[in-house]
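Have a look at the structure below before the remarks.
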Amino acid sequence: MPHAHPARAYLDHAASTPPHADVLAAVPEWLATLGANPTGMHTAARAAKRALEEARERIATVLGCEPGEVVITGGGTESDNLAVKGTVRAARSAGGPDGAVVAAIEHRAVLGAADRVAREGSAVALAPATREGLVDLDRLADLLDERVALVSVMTVNNEVGTRQPLAEVAAIVHERAPRARLHTDAVQACTWVDADAYAAADLVAVTGHKVGGLRGTGALVVRGGVHLLPEIEGGGQERDLRAGTPDVVGALALALALEGTAAARIGEADRIGALRDRLLAGLLAEIPDLAVHGAAERRVAGFAPVGVPGCDSESLLVLLDLAGVDASAGSSCASGATEPSHVLTAMGVDPGTAAGALRLTLGWSSTEADVDRVLDVLPGIVRQLRGGA
């Protein structure tokens, strides 16, 4: 008997997760009462400034840092760019080593920023990945020396959901490249792991819309003693690291979403992990040759990254969309996102399997009915594309 379904099944939480209900409830009042520029001196401006600093303190508590180490940005991509470019350019301006080593499976925001500093003259190397979706620690160590100013390894991979061995990375960096700063993109991590997971990093990038906050607001943790040059210059806001009028409402929403995510993390990880496991088990039982990418023991709860040999991602996504399932093939930030991803290529995934990649990701709003819908429609879509009944 067919299952009863919601209007649509949303399985693209890694791209953007819906705002939490308490965020949506609070935003109208914040917009109505905190419209002043927090850099001013009058009463309304001071109220906005107090709210901004309160948000900063709350963000710092969740991220395990000091309030003065939190720089409010326009999102994860900006945070990554500020960390990578800012560190390398600061090292170069001081006459020091300005090389960079980044994992080959990083988000495009990191790879793009690394490519930019390479075009400016810095030596940039890509650390290879293993077939399990992890940075290769031995190969990473071989690339490090005193000429490296920055190393970037994300906390949780944004395409296959593998938690990276960041503590081991930090130990290698401190031994092989003692002057280097370690940056981590923790955008996908905050839902699934606590601050201990990225405590060893000097620079930590997060964003609101991956944790139930709002799009357009993020933060970069800049630990004490780390020197950056700003990417956006102008008014000197955010300790001269990010010019422009701060988004007070976005910062408050980020703080509230991070707090709610942290409070619910353990229970939600168990619930969502069970949904994910049922989804994968059902698909593996119904779709011959289905591949699941990345090491299962390192995969965080919300990720079900699969590859369907004999199908292409674009066709799969179009037919899933028509069947009421929202999903993606890989990082939604990459142009041509339905082409085989650089992450899967770096992992050594067979091109035919990579061409049929689906990134099915769950989050706080996911339900049994969402999983039921995918299990009901995806096997038939695969048979259709493979020329079956």
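Order determines the names: the first chain of the structure tokens is A, the second B, and so forth; residues in each chain are numbered 1 upward, and ligands are numbered 1 upward as they are shown.
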
Which residues come within 7 Å of A:Val148, counting only C-alpha atoms, excluding same-chain residues fewer than 2 positions away, as a PyMOL selection string?
chain A and resi 97-100+144-146+150+177+180

I need the chosen residues saved as a PDB file, in the first residue's frame, with N, CA and C atoms.
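part.pdb was written with the following content:
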ATOM      1  N   PRO A  97      56.656  33.648   5.371  1.00  0.00           N
ATOM      2  CA  PRO A  97      56.212  32.631   4.415  1.00  0.00           C
ATOM      3  C   PRO A  97      54.734  32.809   4.099  1.00  0.00           C
ATOM      4  N   ASP A  98      54.377  32.622   2.827  1.00  0.00           N
ATOM      5  CA  ASP A  98      52.990  32.861   2.440  1.00  0.00           C
ATOM      6  C   ASP A  98      52.403  31.695   1.650  1.00  0.00           C
ATOM      7  N   GLY A  99      52.945  30.505   1.853  1.00  0.00           N
ATOM      8  CA  GLY A  99      52.396  29.336   1.179  1.00  0.00           C
ATOM      9  C   GLY A  99      51.126  28.843   1.850  1.00  0.00           C
ATOM     10  N   ALA A 100      50.379  28.019   1.131  1.00  0.00           N
ATOM     11  CA  ALA A 100      49.136  27.460   1.670  1.00  0.00           C
ATOM     12  C   ALA A 100      48.983  26.018   1.210  1.00  0.00           C
ATOM     13  N   LEU A 144      54.005  19.897   4.056  1.00  0.00           N
ATOM     14  CA  LEU A 144      54.177  20.957   5.047  1.00  0.00           C
ATOM     15  C   LEU A 144      55.651  21.221   5.353  1.00  0.00           C
ATOM     16  N   ASP A 145      55.963  22.511   5.467  1.00  0.00           N
ATOM     17  CA  ASP A 145      57.283  22.935   5.931  1.00  0.00           C
ATOM     18  C   ASP A 145      57.155  24.371   6.413  1.00  0.00           C
ATOM     19  N   GLU A 146      58.270  25.004   6.711  1.00  0.00           N
ATOM     20  CA  GLU A 146      58.244  26.346   7.297  1.00  0.00           C
ATOM     21  C   GLU A 146      57.820  27.431   6.316  1.00  0.00           C
ATOM     22  N   LEU A 150      49.367  28.869   5.901  1.00  0.00           N
ATOM     23  CA  LEU A 150      47.973  28.479   6.139  1.00  0.00           C
ATOM     24  C   LEU A 150      47.746  27.044   5.712  1.00  0.00           C
ATOM     25  N   ALA A 177      54.831  22.496  10.175  1.00  0.00           N
ATOM     26  CA  ALA A 177      54.733  23.889   9.715  1.00  0.00           C
ATOM     27  C   ALA A 177      54.387  24.772  10.902  1.00  0.00           C
ATOM     28  N   ALA A 180      52.439  28.053  10.608  1.00  0.00           N
ATOM     29  CA  ALA A 180      51.178  28.062   9.862  1.00  0.00           C
ATOM     30  C   ALA A 180      49.978  28.173  10.793  1.00  0.00           C
TER      31      ALA A 180
END

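Among A:Ala255, A:Val102, A:Val71, A:Leu111, the residue with the shortest atom-to-atom distance to A:Leu126, counting only C-alpha atoms, is A:Val102.
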
Would you compute the distance between atom CA of A:Ala285 and atom CA of A:Gly310? Give it in Å to one decimal.
17.1 Å

Non-local contacts of A:Glu53 (10 Å; only C-alpha atoms; under 2 positions in same chain excluded) as a ChimeraX atom specification:
/A:38,48-51,55-59,67-68,248,251-252

Using DSSP assignments from the backbone, pull out every residue in stretch 65-172 of chain A that falls under helix (DSSP H, G or I) and give it to me as a PyMOL selection string.
chain A and resi 67-69+76-93+108-119+137-143+166-172

For the residues selected in the previous step, produce a file with N, CA and C atoms as a tab-separated table (two decimals), in the first residue's frame.
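That gives us part_4.tsv:
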chain	number	residue	atom	x	y	z
A	67	PRO	N	34.24	36.26	23.06
A	67	PRO	CA	33.42	37.13	22.21
A	67	PRO	C	34.25	37.98	21.26
A	68	GLY	N	35.39	38.47	21.73
A	68	GLY	CA	36.22	39.30	20.88
A	68	GLY	C	36.87	38.56	19.73
A	69	GLU	N	36.73	37.24	19.72
A	69	GLU	CA	37.28	36.43	18.62
A	69	GLU	C	36.26	36.14	17.54
A	76	GLY	N	29.20	31.74	5.19
A	76	GLY	CA	30.34	30.84	5.22
A	76	GLY	C	31.35	31.11	4.14
A	77	THR	N	30.90	31.44	2.94
A	77	THR	CA	31.84	31.72	1.85
A	77	THR	C	32.70	32.93	2.17
A	78	GLU	N	32.09	33.98	2.70
A	78	GLU	CA	32.88	35.15	3.08
A	78	GLU	C	33.84	34.81	4.21
A	79	SER	N	33.38	34.04	5.18
A	79	SER	CA	34.26	33.65	6.29
A	79	SER	C	35.47	32.88	5.79
A	80	ASP	N	35.24	31.93	4.86
A	80	ASP	CA	36.36	31.17	4.30
A	80	ASP	C	37.32	32.07	3.54
A	81	ASN	N	36.77	32.98	2.75
A	81	ASN	CA	37.63	33.89	1.99
A	81	ASN	C	38.46	34.78	2.90
A	82	LEU	N	37.84	35.30	3.96
A	82	LEU	CA	38.58	36.14	4.90
A	82	LEU	C	39.69	35.34	5.57
A	83	ALA	N	39.40	34.11	5.95
A	83	ALA	CA	40.40	33.29	6.63
A	83	ALA	C	41.58	32.97	5.71
A	84	VAL	N	41.30	32.49	4.51
A	84	VAL	CA	42.36	32.05	3.61
A	84	VAL	C	43.14	33.24	3.06
A	85	LYS	N	42.45	34.17	2.43
A	85	LYS	CA	43.14	35.30	1.84
A	85	LYS	C	43.76	36.19	2.91
A	86	GLY	N	42.99	36.41	3.99
A	86	GLY	CA	43.48	37.30	5.05
A	86	GLY	C	44.74	36.80	5.70
A	87	THR	N	44.82	35.50	5.96
A	87	THR	CA	46.01	34.93	6.59
A	87	THR	C	47.21	34.99	5.67
A	88	VAL	N	47.03	34.55	4.43
A	88	VAL	CA	48.15	34.51	3.49
A	88	VAL	C	48.64	35.91	3.17
A	89	ARG	N	47.73	36.83	2.96
A	89	ARG	CA	48.15	38.20	2.62
A	89	ARG	C	48.83	38.88	3.80
A	90	ALA	N	48.35	38.61	5.02
A	90	ALA	CA	49.00	39.18	6.20
A	90	ALA	C	50.42	38.65	6.34
A	91	ALA	N	50.60	37.36	6.11
A	91	ALA	CA	51.94	36.77	6.19
A	91	ALA	C	52.85	37.35	5.12
A	92	ARG	N	52.30	37.54	3.93
A	92	ARG	CA	53.10	38.10	2.83
A	92	ARG	C	53.50	39.54	3.13
A	93	SER	N	52.56	40.33	3.67
A	93	SER	CA	52.86	41.73	3.94
A	93	SER	C	53.90	41.89	5.05
A	108	ARG	N	34.25	24.83	-2.39
A	108	ARG	CA	34.73	25.73	-3.44
A	108	ARG	C	35.13	27.10	-2.90
A	109	ALA	N	34.54	27.52	-1.81
A	109	ALA	CA	34.92	28.82	-1.23
A	109	ALA	C	36.38	28.82	-0.82
A	110	VAL	N	36.85	27.70	-0.26
A	110	VAL	CA	38.24	27.59	0.15
A	110	VAL	C	39.15	27.42	-1.06
A	111	LEU	N	38.74	26.54	-1.97
A	111	LEU	CA	39.56	26.30	-3.16
A	111	LEU	C	39.67	27.56	-4.01
A	112	GLY	N	38.57	28.30	-4.13
A	112	GLY	CA	38.61	29.54	-4.91
A	112	GLY	C	39.51	30.58	-4.28
A	113	ALA	N	39.43	30.71	-2.95
A	113	ALA	CA	40.30	31.67	-2.26
A	113	ALA	C	41.76	31.26	-2.39
A	114	ALA	N	42.04	29.95	-2.30
A	114	ALA	CA	43.41	29.47	-2.45
A	114	ALA	C	43.92	29.73	-3.86
A	115	ASP	N	43.06	29.55	-4.85
A	115	ASP	CA	43.45	29.84	-6.23
A	115	ASP	C	43.78	31.32	-6.41
A	116	ARG	N	43.03	32.18	-5.72
A	116	ARG	CA	43.29	33.62	-5.82
A	116	ARG	C	44.67	33.97	-5.27
A	117	VAL	N	45.02	33.46	-4.09
A	117	VAL	CA	46.33	33.80	-3.53
A	117	VAL	C	47.45	33.15	-4.34
A	118	ALA	N	47.16	32.02	-5.00
A	118	ALA	CA	48.15	31.42	-5.88
A	118	ALA	C	48.44	32.33	-7.06
A	119	ARG	N	47.39	32.96	-7.60
A	119	ARG	CA	47.58	33.89	-8.71
A	119	ARG	C	48.29	35.16	-8.27
A	137	LEU	N	46.50	11.98	5.67
A	137	LEU	CA	47.40	12.62	6.64
A	137	LEU	C	48.86	12.48	6.24
A	138	ASP	N	49.25	11.34	5.70
A	138	ASP	CA	50.65	11.17	5.29
A	138	ASP	C	51.01	12.11	4.15
A	139	ARG	N	50.12	12.21	3.19
A	139	ARG	CA	50.39	13.12	2.06
A	139	ARG	C	50.36	14.57	2.50
A	140	LEU	N	49.45	14.89	3.45
A	140	LEU	CA	49.42	16.24	3.99
A	140	LEU	C	50.75	16.57	4.66
A	141	ALA	N	51.26	15.67	5.48
A	141	ALA	CA	52.52	15.92	6.17
A	141	ALA	C	53.65	16.18	5.19
A	142	ASP	N	53.66	15.47	4.07
A	142	ASP	CA	54.72	15.65	3.07
A	142	ASP	C	54.72	17.04	2.46
A	143	LEU	N	53.56	17.70	2.49
A	143	LEU	CA	53.44	19.02	1.85
A	143	LEU	C	53.79	20.18	2.78
A	166	LEU	N	40.55	16.33	12.52
A	166	LEU	CA	41.12	17.67	12.67
A	166	LEU	C	42.18	17.74	13.76
A	167	ALA	N	42.00	17.01	14.86
A	167	ALA	CA	43.02	17.03	15.91
A	167	ALA	C	44.34	16.47	15.40
A	168	GLU	N	44.27	15.40	14.61
A	168	GLU	CA	45.49	14.84	14.03
A	168	GLU	C	46.11	15.81	13.03
A	169	VAL	N	45.26	16.47	12.24
A	169	VAL	CA	45.76	17.49	11.31
A	169	VAL	C	46.51	18.57	12.07
A	170	ALA	N	45.93	19.07	13.16
A	170	ALA	CA	46.56	20.14	13.94
A	170	ALA	C	47.92	19.70	14.47
A	171	ALA	N	48.01	18.47	14.94
A	171	ALA	CA	49.29	17.99	15.47
A	171	ALA	C	50.35	17.95	14.38
A	172	ILE	N	49.96	17.51	13.19
A	172	ILE	CA	50.91	17.46	12.08
A	172	ILE	C	51.34	18.86	11.67
